[in-house]
$ cat run_3.cif   # mmCIF, N, CA and C atoms
data_structure
loop_
_atom_site.label_atom_id
_atom_site.label_comp_id
_atom_site.auth_asym_id
_atom_site.auth_seq_id
_atom_site.Cartn_x
_atom_site.Cartn_y
_atom_site.Cartn_z
N MET H 44 16.09 -10.66 16.87
CA MET H 44 16.33 -11.00 15.49
C MET H 44 17.65 -10.39 15.05
N SER H 45 18.47 -11.17 14.45
CA SER H 45 19.78 -10.74 13.98
C SER H 45 19.72 -10.42 12.49
N LEU H 46 20.39 -9.36 12.10
CA LEU H 46 20.43 -8.97 10.68
C LEU H 46 21.57 -9.67 9.98
N SER H 47 21.33 -10.08 8.75
CA SER H 47 22.42 -10.62 7.94
C SER H 47 23.32 -9.45 7.54
N PRO H 48 24.58 -9.72 7.18
CA PRO H 48 25.47 -8.62 6.79
C PRO H 48 24.88 -7.75 5.68
N ALA H 49 24.20 -8.35 4.71
CA ALA H 49 23.63 -7.57 3.60
C ALA H 49 22.52 -6.63 4.07
N GLN H 50 21.89 -6.96 5.21
CA GLN H 50 20.81 -6.12 5.73
C GLN H 50 21.34 -4.98 6.59
N ARG H 51 22.61 -4.98 6.91
CA ARG H 51 23.20 -3.92 7.73
C ARG H 51 23.56 -2.76 6.80
N VAL H 52 22.76 -1.71 6.86
CA VAL H 52 22.92 -0.59 5.95
C VAL H 52 23.35 0.65 6.74
N PHE H 53 24.40 1.27 6.25
CA PHE H 53 24.90 2.51 6.81
C PHE H 53 24.80 3.55 5.70
N ARG H 54 24.29 4.71 6.02
CA ARG H 54 24.11 5.69 4.97
C ARG H 54 24.68 7.04 5.38
N PHE H 55 25.00 7.77 4.35
CA PHE H 55 25.44 9.15 4.50
C PHE H 55 24.46 9.97 3.68
N ALA H 56 23.85 11.00 4.30
CA ALA H 56 22.76 11.73 3.64
C ALA H 56 22.98 13.24 3.71
N PRO H 57 23.93 13.75 2.96
CA PRO H 57 24.17 15.20 2.98
C PRO H 57 23.24 15.96 2.04
N SER H 58 23.12 17.25 2.27
CA SER H 58 22.45 18.13 1.32
C SER H 58 23.54 18.77 0.47
N PRO H 59 23.51 18.59 -0.84
CA PRO H 59 24.54 19.20 -1.69
C PRO H 59 24.27 20.68 -1.93
N ASN H 60 24.34 21.46 -0.84
CA ASN H 60 24.08 22.89 -0.93
C ASN H 60 25.28 23.72 -0.49
N GLY H 61 26.42 23.08 -0.43
CA GLY H 61 27.67 23.74 -0.05
C GLY H 61 28.80 22.73 -0.12
N ARG H 62 29.97 23.17 0.23
CA ARG H 62 31.13 22.27 0.20
C ARG H 62 31.05 21.26 1.35
N LEU H 63 31.67 20.11 1.15
CA LEU H 63 31.74 19.10 2.21
C LEU H 63 32.58 19.67 3.35
N HIS H 64 32.05 19.65 4.55
CA HIS H 64 32.82 20.16 5.69
C HIS H 64 33.32 18.99 6.54
N LEU H 65 34.18 19.31 7.46
CA LEU H 65 34.87 18.29 8.25
C LEU H 65 33.90 17.36 8.98
N GLY H 66 32.81 17.91 9.54
CA GLY H 66 31.84 17.08 10.25
C GLY H 66 31.16 16.07 9.34
N HIS H 67 30.81 16.51 8.15
CA HIS H 67 30.20 15.58 7.20
C HIS H 67 31.21 14.55 6.73
N ALA H 68 32.45 14.98 6.49
CA ALA H 68 33.48 14.03 6.05
C ALA H 68 33.68 12.96 7.12
N TYR H 69 33.71 13.37 8.37
CA TYR H 69 33.87 12.42 9.47
C TYR H 69 32.70 11.43 9.50
N SER H 70 31.47 11.95 9.37
CA SER H 70 30.30 11.09 9.38
C SER H 70 30.34 10.09 8.23
N ALA H 71 30.71 10.57 7.06
CA ALA H 71 30.79 9.67 5.89
C ALA H 71 31.85 8.59 6.12
N CYS H 72 33.01 8.98 6.62
CA CYS H 72 34.09 8.00 6.88
C CYS H 72 33.64 6.98 7.92
N LEU H 73 33.03 7.45 8.98
CA LEU H 73 32.58 6.57 10.06
C LEU H 73 31.58 5.54 9.54
N ASN H 74 30.59 5.99 8.78
CA ASN H 74 29.58 5.07 8.27
C ASN H 74 30.16 4.12 7.23
N HIS H 75 31.01 4.62 6.37
CA HIS H 75 31.67 3.77 5.36
C HIS H 75 32.49 2.68 6.05
N ASP H 76 33.32 3.10 7.00
CA ASP H 76 34.20 2.13 7.67
C ASP H 76 33.41 1.11 8.48
N ARG H 77 32.36 1.55 9.15
CA ARG H 77 31.54 0.62 9.94
C ARG H 77 30.86 -0.39 9.03
N ALA H 78 30.35 0.08 7.88
CA ALA H 78 29.73 -0.84 6.93
C ALA H 78 30.73 -1.90 6.48
N ARG H 79 31.94 -1.48 6.21
CA ARG H 79 32.97 -2.43 5.76
C ARG H 79 33.33 -3.42 6.87
N GLU H 80 33.38 -2.94 8.11
CA GLU H 80 33.73 -3.80 9.25
C GLU H 80 32.74 -4.94 9.45
N VAL H 81 31.45 -4.66 9.23
CA VAL H 81 30.42 -5.67 9.49
C VAL H 81 29.90 -6.34 8.23
N GLY H 82 30.51 -6.03 7.09
CA GLY H 82 30.07 -6.63 5.84
C GLY H 82 28.75 -6.07 5.34
N GLY H 83 28.42 -4.87 5.79
CA GLY H 83 27.17 -4.25 5.40
C GLY H 83 27.32 -3.38 4.17
N GLN H 84 26.30 -2.59 3.92
CA GLN H 84 26.28 -1.71 2.77
C GLN H 84 26.48 -0.26 3.20
N PHE H 85 27.18 0.50 2.37
CA PHE H 85 27.33 1.94 2.56
C PHE H 85 26.58 2.62 1.43
N LEU H 86 25.53 3.38 1.79
CA LEU H 86 24.70 4.02 0.79
C LEU H 86 24.76 5.54 0.92
N LEU H 87 24.56 6.20 -0.19
CA LEU H 87 24.55 7.66 -0.24
C LEU H 87 23.17 8.12 -0.65
N ARG H 88 22.56 8.95 0.19
CA ARG H 88 21.26 9.55 -0.12
C ARG H 88 21.46 11.06 -0.17
N LEU H 89 21.20 11.66 -1.30
CA LEU H 89 21.38 13.09 -1.46
C LEU H 89 20.09 13.82 -1.10
N GLU H 90 20.15 14.60 -0.05
CA GLU H 90 19.00 15.39 0.42
C GLU H 90 18.93 16.67 -0.40
N ASP H 91 18.54 16.52 -1.65
CA ASP H 91 18.59 17.63 -2.61
C ASP H 91 17.23 18.24 -2.90
N ILE H 92 16.33 18.23 -1.92
CA ILE H 92 14.97 18.72 -2.19
C ILE H 92 14.88 20.25 -2.16
N ASP H 93 15.89 20.94 -1.67
CA ASP H 93 15.93 22.39 -1.75
C ASP H 93 16.49 22.73 -3.13
N LEU H 94 15.60 22.77 -4.11
CA LEU H 94 16.02 22.88 -5.51
C LEU H 94 16.72 24.20 -5.81
N ALA H 95 16.53 25.22 -4.98
CA ALA H 95 17.20 26.50 -5.20
C ALA H 95 18.65 26.46 -4.73
N ARG H 96 18.92 25.75 -3.64
CA ARG H 96 20.27 25.76 -3.06
C ARG H 96 21.12 24.56 -3.44
N CYS H 97 20.50 23.46 -3.79
CA CYS H 97 21.24 22.24 -4.16
C CYS H 97 21.44 22.25 -5.67
N THR H 98 22.69 22.32 -6.07
CA THR H 98 22.98 22.44 -7.51
C THR H 98 23.76 21.24 -8.01
N PRO H 99 23.70 20.98 -9.31
CA PRO H 99 24.51 19.89 -9.88
C PRO H 99 26.00 20.08 -9.63
N GLU H 100 26.46 21.33 -9.64
CA GLU H 100 27.88 21.60 -9.40
C GLU H 100 28.28 21.22 -7.97
N LEU H 101 27.43 21.56 -7.00
CA LEU H 101 27.74 21.20 -5.61
C LEU H 101 27.65 19.69 -5.40
N GLU H 102 26.70 19.04 -6.08
CA GLU H 102 26.62 17.58 -5.99
C GLU H 102 27.89 16.95 -6.56
N ALA H 103 28.34 17.42 -7.71
CA ALA H 103 29.56 16.89 -8.32
C ALA H 103 30.76 17.10 -7.40
N SER H 104 30.82 18.26 -6.77
CA SER H 104 31.91 18.54 -5.82
C SER H 104 31.87 17.57 -4.64
N LEU H 105 30.68 17.33 -4.11
CA LEU H 105 30.51 16.39 -3.00
C LEU H 105 30.97 14.99 -3.39
N LEU H 106 30.53 14.53 -4.56
CA LEU H 106 30.91 13.19 -5.02
C LEU H 106 32.42 13.10 -5.24
N SER H 107 33.00 14.17 -5.76
CA SER H 107 34.45 14.20 -5.96
C SER H 107 35.19 14.13 -4.63
N ASP H 108 34.71 14.87 -3.63
CA ASP H 108 35.33 14.84 -2.31
C ASP H 108 35.24 13.45 -1.68
N LEU H 109 34.09 12.80 -1.82
CA LEU H 109 33.93 11.45 -1.27
C LEU H 109 34.88 10.47 -1.96
N ALA H 110 35.02 10.61 -3.28
CA ALA H 110 35.95 9.74 -4.02
C ALA H 110 37.38 10.00 -3.56
N TRP H 111 37.72 11.25 -3.35
CA TRP H 111 39.07 11.60 -2.88
C TRP H 111 39.35 10.96 -1.51
N LEU H 112 38.31 10.88 -0.69
CA LEU H 112 38.44 10.24 0.63
C LEU H 112 38.46 8.72 0.54
N GLY H 113 38.22 8.19 -0.65
CA GLY H 113 38.21 6.74 -0.83
C GLY H 113 36.91 6.08 -0.42
N LEU H 114 35.83 6.85 -0.39
CA LEU H 114 34.52 6.34 0.04
C LEU H 114 33.67 6.05 -1.18
N THR H 115 33.40 4.78 -1.39
CA THR H 115 32.63 4.36 -2.55
C THR H 115 31.33 3.74 -2.09
N PRO H 116 30.20 4.39 -2.40
CA PRO H 116 28.91 3.79 -2.04
C PRO H 116 28.68 2.48 -2.79
N ASP H 117 27.88 1.61 -2.21
CA ASP H 117 27.61 0.30 -2.80
C ASP H 117 26.47 0.32 -3.81
N ALA H 118 25.89 1.47 -4.05
CA ALA H 118 24.82 1.63 -5.04
C ALA H 118 24.87 3.07 -5.51
N PRO H 119 24.24 3.36 -6.63
CA PRO H 119 24.18 4.76 -7.06
C PRO H 119 23.47 5.60 -6.00
N PRO H 120 23.81 6.89 -5.91
CA PRO H 120 23.15 7.75 -4.92
C PRO H 120 21.65 7.81 -5.15
N ARG H 121 20.90 7.89 -4.07
CA ARG H 121 19.45 8.11 -4.16
C ARG H 121 19.23 9.61 -4.00
N ARG H 122 18.70 10.22 -5.03
CA ARG H 122 18.41 11.66 -4.99
C ARG H 122 16.96 11.83 -4.53
N GLN H 123 16.81 12.48 -3.39
CA GLN H 123 15.46 12.67 -2.84
C GLN H 123 14.56 13.41 -3.82
N SER H 124 15.13 14.33 -4.62
CA SER H 124 14.33 15.12 -5.56
C SER H 124 13.69 14.26 -6.65
N GLU H 125 14.16 13.03 -6.82
CA GLU H 125 13.59 12.14 -7.83
C GLU H 125 12.43 11.30 -7.29
N HIS H 126 12.04 11.54 -6.04
CA HIS H 126 11.04 10.70 -5.39
C HIS H 126 9.89 11.49 -4.77
N PHE H 127 9.64 12.70 -5.29
CA PHE H 127 8.55 13.51 -4.74
C PHE H 127 7.21 12.78 -4.81
N ALA H 128 6.97 12.03 -5.87
CA ALA H 128 5.69 11.30 -6.00
C ALA H 128 5.55 10.25 -4.90
N ASP H 129 6.64 9.59 -4.52
CA ASP H 129 6.60 8.61 -3.43
C ASP H 129 6.21 9.28 -2.11
N TYR H 130 6.79 10.46 -1.86
CA TYR H 130 6.51 11.17 -0.61
C TYR H 130 5.06 11.66 -0.58
N GLU H 131 4.57 12.12 -1.73
CA GLU H 131 3.18 12.57 -1.81
C GLU H 131 2.24 11.41 -1.53
N ALA H 132 2.52 10.24 -2.10
CA ALA H 132 1.68 9.06 -1.86
C ALA H 132 1.69 8.68 -0.38
N ALA H 133 2.84 8.78 0.26
CA ALA H 133 2.93 8.45 1.69
C ALA H 133 2.12 9.44 2.53
N ILE H 134 2.21 10.71 2.19
CA ILE H 134 1.44 11.73 2.92
C ILE H 134 -0.06 11.49 2.75
N VAL H 135 -0.48 11.18 1.54
CA VAL H 135 -1.91 10.92 1.29
C VAL H 135 -2.37 9.73 2.13
N ALA H 136 -1.58 8.67 2.16
CA ALA H 136 -1.95 7.48 2.95
C ALA H 136 -2.02 7.83 4.44
N LEU H 137 -1.07 8.59 4.94
CA LEU H 137 -1.08 8.99 6.35
C LEU H 137 -2.27 9.91 6.64
N ARG H 138 -2.54 10.83 5.73
CA ARG H 138 -3.67 11.74 5.90
C ARG H 138 -4.98 10.95 5.92
N ASP H 139 -5.12 9.99 5.00
CA ASP H 139 -6.33 9.16 4.95
C ASP H 139 -6.52 8.36 6.22
N ALA H 140 -5.42 8.02 6.88
CA ALA H 140 -5.48 7.27 8.14
C ALA H 140 -5.67 8.19 9.35
N GLY H 141 -5.76 9.50 9.10
CA GLY H 141 -5.95 10.46 10.20
C GLY H 141 -4.70 10.71 11.01
N LEU H 142 -3.55 10.46 10.44
CA LEU H 142 -2.29 10.58 11.19
C LEU H 142 -1.49 11.84 10.84
N VAL H 143 -2.06 12.70 10.02
CA VAL H 143 -1.36 13.92 9.60
C VAL H 143 -2.21 15.12 9.95
N TYR H 144 -1.56 16.16 10.42
CA TYR H 144 -2.24 17.42 10.66
C TYR H 144 -1.29 18.55 10.27
N PRO H 145 -1.84 19.70 9.89
CA PRO H 145 -0.97 20.81 9.52
C PRO H 145 -0.34 21.44 10.75
N ALA H 146 0.82 21.99 10.57
CA ALA H 146 1.51 22.70 11.64
C ALA H 146 1.88 24.08 11.11
N PHE H 147 1.58 25.10 11.87
CA PHE H 147 1.76 26.46 11.40
C PHE H 147 2.88 27.22 12.12
N MET H 148 3.42 26.66 13.18
CA MET H 148 4.46 27.35 13.92
C MET H 148 5.78 27.30 13.14
N THR H 149 6.48 28.42 13.13
CA THR H 149 7.82 28.45 12.54
C THR H 149 8.80 27.83 13.53
N ARG H 150 9.99 27.55 13.06
CA ARG H 150 11.02 27.03 13.98
C ARG H 150 11.30 28.01 15.10
N GLY H 151 11.30 29.30 14.75
CA GLY H 151 11.52 30.33 15.77
C GLY H 151 10.42 30.34 16.82
N GLU H 152 9.18 30.15 16.38
CA GLU H 152 8.06 30.11 17.33
C GLU H 152 8.15 28.89 18.23
N VAL H 153 8.55 27.75 17.68
CA VAL H 153 8.72 26.54 18.49
C VAL H 153 9.82 26.78 19.52
N LYS H 154 10.91 27.39 19.07
CA LYS H 154 12.02 27.69 19.99
C LYS H 154 11.56 28.62 21.11
N GLY H 155 10.77 29.64 20.76
CA GLY H 155 10.24 30.56 21.76
C GLY H 155 9.30 29.88 22.72
N PHE H 156 8.44 29.00 22.20
CA PHE H 156 7.51 28.24 23.03
C PHE H 156 8.29 27.39 24.04
N ALA H 157 9.34 26.72 23.55
CA ALA H 157 10.15 25.86 24.43
C ALA H 157 10.84 26.69 25.50
N ALA H 158 11.38 27.84 25.12
CA ALA H 158 12.07 28.70 26.10
C ALA H 158 11.10 29.18 27.17
N LEU H 159 9.90 29.58 26.75
CA LEU H 159 8.89 30.04 27.71
C LEU H 159 8.50 28.90 28.66
N HIS H 160 8.31 27.70 28.10
CA HIS H 160 7.98 26.53 28.93
C HIS H 160 9.10 26.29 29.96
N GLU H 161 10.33 26.32 29.50
CA GLU H 161 11.46 26.05 30.40
C GLU H 161 11.54 27.10 31.50
N GLU H 162 11.26 28.35 31.15
CA GLU H 162 11.28 29.42 32.15
C GLU H 162 10.16 29.25 33.17
N ARG H 163 8.96 28.92 32.69
CA ARG H 163 7.80 28.78 33.58
C ARG H 163 7.85 27.51 34.41
N GLU H 164 8.24 26.40 33.79
CA GLU H 164 8.18 25.10 34.46
C GLU H 164 9.48 24.72 35.17
N GLY H 165 10.57 25.37 34.81
CA GLY H 165 11.85 25.06 35.45
C GLY H 165 12.44 23.72 35.04
N ARG H 166 11.99 23.18 33.93
CA ARG H 166 12.56 21.93 33.43
C ARG H 166 12.69 22.02 31.91
N PRO H 167 13.61 21.27 31.35
CA PRO H 167 13.87 21.39 29.91
C PRO H 167 12.73 20.87 29.04
N TRP H 168 12.58 21.51 27.89
CA TRP H 168 11.62 21.05 26.88
C TRP H 168 12.29 19.93 26.08
N PRO H 169 11.55 18.92 25.64
CA PRO H 169 12.16 17.83 24.85
C PRO H 169 12.81 18.36 23.58
N ARG H 170 13.93 17.74 23.22
CA ARG H 170 14.68 18.17 22.04
C ARG H 170 15.04 16.97 21.17
N ASP H 171 15.24 17.25 19.88
CA ASP H 171 15.65 16.19 18.97
C ASP H 171 17.15 15.93 19.14
N PRO H 172 17.71 14.93 18.46
CA PRO H 172 19.12 14.61 18.64
C PRO H 172 20.07 15.76 18.29
N ASP H 173 19.61 16.70 17.46
CA ASP H 173 20.45 17.85 17.11
C ASP H 173 20.28 19.00 18.08
N GLY H 174 19.42 18.84 19.08
CA GLY H 174 19.23 19.88 20.08
C GLY H 174 18.09 20.84 19.81
N ALA H 175 17.40 20.68 18.68
CA ALA H 175 16.28 21.57 18.37
C ALA H 175 15.07 21.16 19.20
N PRO H 176 14.30 22.13 19.68
CA PRO H 176 13.11 21.77 20.46
C PRO H 176 12.10 21.00 19.61
N ILE H 177 11.47 20.02 20.23
CA ILE H 177 10.43 19.22 19.58
C ILE H 177 9.17 20.07 19.44
N TYR H 178 8.54 19.97 18.28
CA TYR H 178 7.30 20.70 18.01
C TYR H 178 6.25 20.31 19.06
N PRO H 179 5.56 21.29 19.66
CA PRO H 179 4.62 20.97 20.74
C PRO H 179 3.27 20.41 20.30
N GLY H 180 2.97 20.37 19.03
CA GLY H 180 1.72 19.77 18.58
C GLY H 180 0.49 20.63 18.81
N LEU H 181 0.68 21.93 18.95
CA LEU H 181 -0.46 22.81 19.27
C LEU H 181 -1.50 22.88 18.16
N ASP H 182 -1.10 22.62 16.93
CA ASP H 182 -2.03 22.73 15.81
C ASP H 182 -2.81 21.45 15.55
N ARG H 183 -2.53 20.42 16.28
CA ARG H 183 -3.14 19.11 16.05
C ARG H 183 -4.65 19.13 16.15
N ASP H 184 -5.18 19.91 17.09
CA ASP H 184 -6.62 19.86 17.36
C ASP H 184 -7.38 21.06 16.78
N LEU H 185 -6.79 21.80 15.85
CA LEU H 185 -7.50 22.91 15.24
C LEU H 185 -8.66 22.40 14.40
N THR H 186 -9.73 23.17 14.38
CA THR H 186 -10.87 22.80 13.54
C THR H 186 -10.53 23.08 12.08
N PRO H 187 -11.28 22.52 11.15
CA PRO H 187 -11.03 22.82 9.73
C PRO H 187 -11.08 24.32 9.42
N ILE H 188 -12.00 25.03 10.07
CA ILE H 188 -12.09 26.47 9.86
C ILE H 188 -10.83 27.17 10.36
N GLU H 189 -10.35 26.78 11.55
CA GLU H 189 -9.12 27.38 12.09
C GLU H 189 -7.91 27.06 11.21
N ARG H 190 -7.89 25.88 10.64
CA ARG H 190 -6.78 25.50 9.77
C ARG H 190 -6.76 26.33 8.50
N ARG H 191 -7.95 26.63 7.96
CA ARG H 191 -8.02 27.47 6.75
C ARG H 191 -7.57 28.87 7.09
#

$ encode --input "run_3.cif" --output "structure tokens"
Amino acid sequence: MSLSPAQRVFRFAPSPNGRLHLGHAYSACLNHDRAREVGGQFLLRLEDIDLARCTPELEASLLSDLAWLGLTPDAPPRRQSEHFADYEAAIVALRDAGLVYPAFMTRGEVKGFAALHEEREGRPWPRDPDGAPIYPGLDRDLTPIERR
């Protein structure tokens, strides 16, 4: 199935919790330019759910930097913090379908688990595209009492 140009969506999704850095600027430029090349859309999604670190001032700075770079999104930014109710509804639906379970391991514990596995098994633990170890799913089968 081929997508129409309007269905080709490229997005940039930074967290406005600091200044725009070179890697993010490159990603934004790449997605903007690719969208323009194929007649698609360039959208901005602000990952602003860390309400303590993401501030209106940093968001304004980010938007100013993007404008300075000549990057104009094709729609107003989508602020993740404005959609908490949508995410809660999705979690409830997934939970009702039995597809959600709590996870109690910290990122550090997952990293330690992966390192121990790699040492014992002599092969790499699966990782996400950013290189972080994939959660091993150890909490999936806990009983309700163990979860409490």

$ atom_distance --input "run_3.cif" --atom1 "atom C of Phe127 (chain H)" --atom2 "atom C of Phe147 (chain H)"
22.7 Å

$ closest_residue --input "run_3.cif" --among "H:Met148, H:Leu89, H:Val153, H:Cys72" --to "Ser124 (chain H)" --atoms "only N, CA and C atoms"
H:Leu89

$ closest_residue --input "run_3.cif" --among "H:Leu114, H:His67, H:Pro120, H:Ala103" --to "Leu87 (chain H)" --atoms "only N, CA and C atoms"
H:Pro120

$ select_by_dssp --input "run_3.cif" --residues "region 45-191 of chain H" --states "strand (DSSP E or B)" --output "number ranges by chain"
H: 52-55, 84-89, 121-122, 170, 176

$ residues_around --input "run_3.cif" --residues "Phe55 (chain H)" --least-positions-apart "5" --cutoff "6.5 Å" --atoms "all atoms listed in the file" --output "VMD selection string"
chain H and resid 70 to 71 85 to 89

$ atom_distance --input "run_3.cif" --atom1 "CA of Gly113 (chain H)" --atom2 "atom N of Pro172 (chain H)"
29.3 Å

$ select_by_dssp --input "run_3.cif" --residues "region 132-191 of chain H" --states "alpha helix (DSSP H)" --output "number ranges by chain"
H: 132-139, 150-164, 187-190

$ write_last_selection --input "run_3.cif" --atoms "N, CA and C atoms" --output "PDB file, in the frame of the given file"
ATOM      1  N   ALA H 132       2.520  10.240  -2.100  1.00  0.00           N
ATOM      2  CA  ALA H 132       1.680   9.060  -1.860  1.00  0.00           C
ATOM      3  C   ALA H 132       1.690   8.680  -0.380  1.00  0.00           C
ATOM      4  N   ALA H 133       2.840   8.780   0.260  1.00  0.00           N
ATOM      5  CA  ALA H 133       2.930   8.450   1.690  1.00  0.00           C
ATOM      6  C   ALA H 133       2.120   9.440   2.530  1.00  0.00           C
ATOM      7  N   ILE H 134       2.210  10.710   2.190  1.00  0.00           N
ATOM      8  CA  ILE H 134       1.440  11.730   2.920  1.00  0.00           C
ATOM      9  C   ILE H 134      -0.060  11.490   2.750  1.00  0.00           C
ATOM     10  N   VAL H 135      -0.480  11.180   1.540  1.00  0.00           N
ATOM     11  CA  VAL H 135      -1.910  10.920   1.290  1.00  0.00           C
ATOM     12  C   VAL H 135      -2.370   9.730   2.130  1.00  0.00           C
ATOM     13  N   ALA H 136      -1.580   8.670   2.160  1.00  0.00           N
ATOM     14  CA  ALA H 136      -1.950   7.480   2.950  1.00  0.00           C
ATOM     15  C   ALA H 136      -2.020   7.830   4.440  1.00  0.00           C
ATOM     16  N   LEU H 137      -1.070   8.590   4.940  1.00  0.00           N
ATOM     17  CA  LEU H 137      -1.080   8.990   6.350  1.00  0.00           C
ATOM     18  C   LEU H 137      -2.270   9.910   6.640  1.00  0.00           C
ATOM     19  N   ARG H 138      -2.540  10.830   5.730  1.00  0.00           N
ATOM     20  CA  ARG H 138      -3.670  11.740   5.900  1.00  0.00           C
ATOM     21  C   ARG H 138      -4.980  10.950   5.920  1.00  0.00           C
ATOM     22  N   ASP H 139      -5.120   9.990   5.000  1.00  0.00           N
ATOM     23  CA  ASP H 139      -6.330   9.160   4.950  1.00  0.00           C
ATOM     24  C   ASP H 139      -6.520   8.360   6.220  1.00  0.00           C
ATOM     25  N   ARG H 150       9.990  27.550  13.060  1.00  0.00           N
ATOM     26  CA  ARG H 150      11.020  27.030  13.980  1.00  0.00           C
ATOM     27  C   ARG H 150      11.300  28.010  15.100  1.00  0.00           C
ATOM     28  N   GLY H 151      11.300  29.300  14.750  1.00  0.00           N
ATOM     29  CA  GLY H 151      11.520  30.330  15.770  1.00  0.00           C
ATOM     30  C   GLY H 151      10.420  30.340  16.820  1.00  0.00           C
ATOM     31  N   GLU H 152       9.180  30.150  16.380  1.00  0.00           N
ATOM     32  CA  GLU H 152       8.060  30.110  17.330  1.00  0.00           C
ATOM     33  C   GLU H 152       8.150  28.890  18.230  1.00  0.00           C
ATOM     34  N   VAL H 153       8.550  27.750  17.680  1.00  0.00           N
ATOM     35  CA  VAL H 153       8.720  26.540  18.490  1.00  0.00           C
ATOM     36  C   VAL H 153       9.820  26.780  19.520  1.00  0.00           C
ATOM     37  N   LYS H 154      10.910  27.390  19.070  1.00  0.00           N
ATOM     38  CA  LYS H 154      12.020  27.690  19.990  1.00  0.00           C
ATOM     39  C   LYS H 154      11.560  28.620  21.110  1.00  0.00           C
ATOM     40  N   GLY H 155      10.770  29.640  20.760  1.00  0.00           N
ATOM     41  CA  GLY H 155      10.240  30.560  21.760  1.00  0.00           C
ATOM     42  C   GLY H 155       9.300  29.880  22.720  1.00  0.00           C
ATOM     43  N   PHE H 156       8.440  29.000  22.200  1.00  0.00           N
ATOM     44  CA  PHE H 156       7.510  28.240  23.030  1.00  0.00           C
ATOM     45  C   PHE H 156       8.290  27.390  24.040  1.00  0.00           C
ATOM     46  N   ALA H 157       9.340  26.720  23.550  1.00  0.00           N
ATOM     47  CA  ALA H 157      10.150  25.860  24.430  1.00  0.00           C
ATOM     48  C   ALA H 157      10.840  26.690  25.500  1.00  0.00           C
ATOM     49  N   ALA H 158      11.380  27.840  25.120  1.00  0.00           N
ATOM     50  CA  ALA H 158      12.070  28.700  26.100  1.00  0.00           C
ATOM     51  C   ALA H 158      11.100  29.180  27.170  1.00  0.00           C
ATOM     52  N   LEU H 159       9.900  29.580  26.750  1.00  0.00           N
ATOM     53  CA  LEU H 159       8.890  30.040  27.710  1.00  0.00           C
ATOM     54  C   LEU H 159       8.500  28.900  28.660  1.00  0.00           C
ATOM     55  N   HIS H 160       8.310  27.700  28.100  1.00  0.00           N
ATOM     56  CA  HIS H 160       7.980  26.530  28.930  1.00  0.00           C
ATOM     57  C   HIS H 160       9.100  26.290  29.960  1.00  0.00           C
ATOM     58  N   GLU H 161      10.330  26.320  29.500  1.00  0.00           N
ATOM     59  CA  GLU H 161      11.460  26.050  30.400  1.00  0.00           C
ATOM     60  C   GLU H 161      11.540  27.100  31.500  1.00  0.00           C
ATOM     61  N   GLU H 162      11.260  28.350  31.150  1.00  0.00           N
ATOM     62  CA  GLU H 162      11.280  29.420  32.150  1.00  0.00           C
ATOM     63  C   GLU H 162      10.160  29.250  33.170  1.00  0.00           C
ATOM     64  N   ARG H 163       8.960  28.920  32.690  1.00  0.00           N
ATOM     65  CA  ARG H 163       7.800  28.780  33.580  1.00  0.00           C
ATOM     66  C   ARG H 163       7.850  27.510  34.410  1.00  0.00           C
ATOM     67  N   GLU H 164       8.240  26.400  33.790  1.00  0.00           N
ATOM     68  CA  GLU H 164       8.180  25.100  34.460  1.00  0.00           C
ATOM     69  C   GLU H 164       9.480  24.720  35.170  1.00  0.00           C
ATOM     70  N   PRO H 187     -11.280  22.520  11.150  1.00  0.00           N
ATOM     71  CA  PRO H 187     -11.030  22.820   9.730  1.00  0.00           C
ATOM     72  C   PRO H 187     -11.080  24.320   9.420  1.00  0.00           C
ATOM     73  N   ILE H 188     -12.000  25.030  10.070  1.00  0.00           N
ATOM     74  CA  ILE H 188     -12.090  26.470   9.860  1.00  0.00           C
ATOM     75  C   ILE H 188     -10.830  27.170  10.360  1.00  0.00           C
ATOM     76  N   GLU H 189     -10.350  26.780  11.550  1.00  0.00           N
ATOM     77  CA  GLU H 189      -9.120  27.380  12.090  1.00  0.00           C
ATOM     78  C   GLU H 189      -7.910  27.060  11.210  1.00  0.00           C
ATOM     79  N   ARG H 190      -7.890  25.880  10.640  1.00  0.00           N
ATOM     80  CA  ARG H 190      -6.780  25.500   9.770  1.00  0.00           C
ATOM     81  C   ARG H 190      -6.760  26.330   8.500  1.00  0.00           C
TER      82      ARG H 190
END

$ residues_near_point --input "run_3.cif" --point "(25.7, 24.7, -3.5)" --cutoff "6 Å" --atoms "only N, CA and C atoms" --output "VMD selection string"
chain H and resid 59 to 62 96 to 98 101

$ atom_distance --input "run_3.cif" --atom1 "atom C of Val81 (chain H)" --atom2 "atom N of Ala68 (chain H)"
21.5 Å

$ closest_residue --input "run_3.cif" --among "H:Asp91, H:Leu65, H:Ala158, H:Arg51" --to "Ala78 (chain H)" --atoms "all atoms listed in the file"
H:Arg51

$ resolve_selection --input "run_3.cif" --expression "the PyMOL selection byres ((chain H and resi 176-189) around 8)" --output "ChimeraX atom specification"
/H:143-148,153-154,156-158,168-171,173-175,190-191

$ closest_residue --input "run_3.cif" --among "H:Leu73, H:Ser58, H:Ile92, H:Phe53" --to "Glu125 (chain H)" --atoms "only N, CA and C atoms"
H:Ile92

$ closest_residue --input "run_3.cif" --among "H:Glu161, H:Arg77, H:Pro48, H:Glu90" --to "Arg122 (chain H)" --atoms "all atoms listed in the file"
H:Glu90

$ axis_aligned_box --input "run_3.cif" --around "region 44-53 of chain H" --padding-each-side "3 Å" --output "AutoDock Vina command-line options"
--center_x 20.8 --center_y -3.8 --center_z 10.2 --size_x 15.4 --size_y 20.7 --size_z 19.3
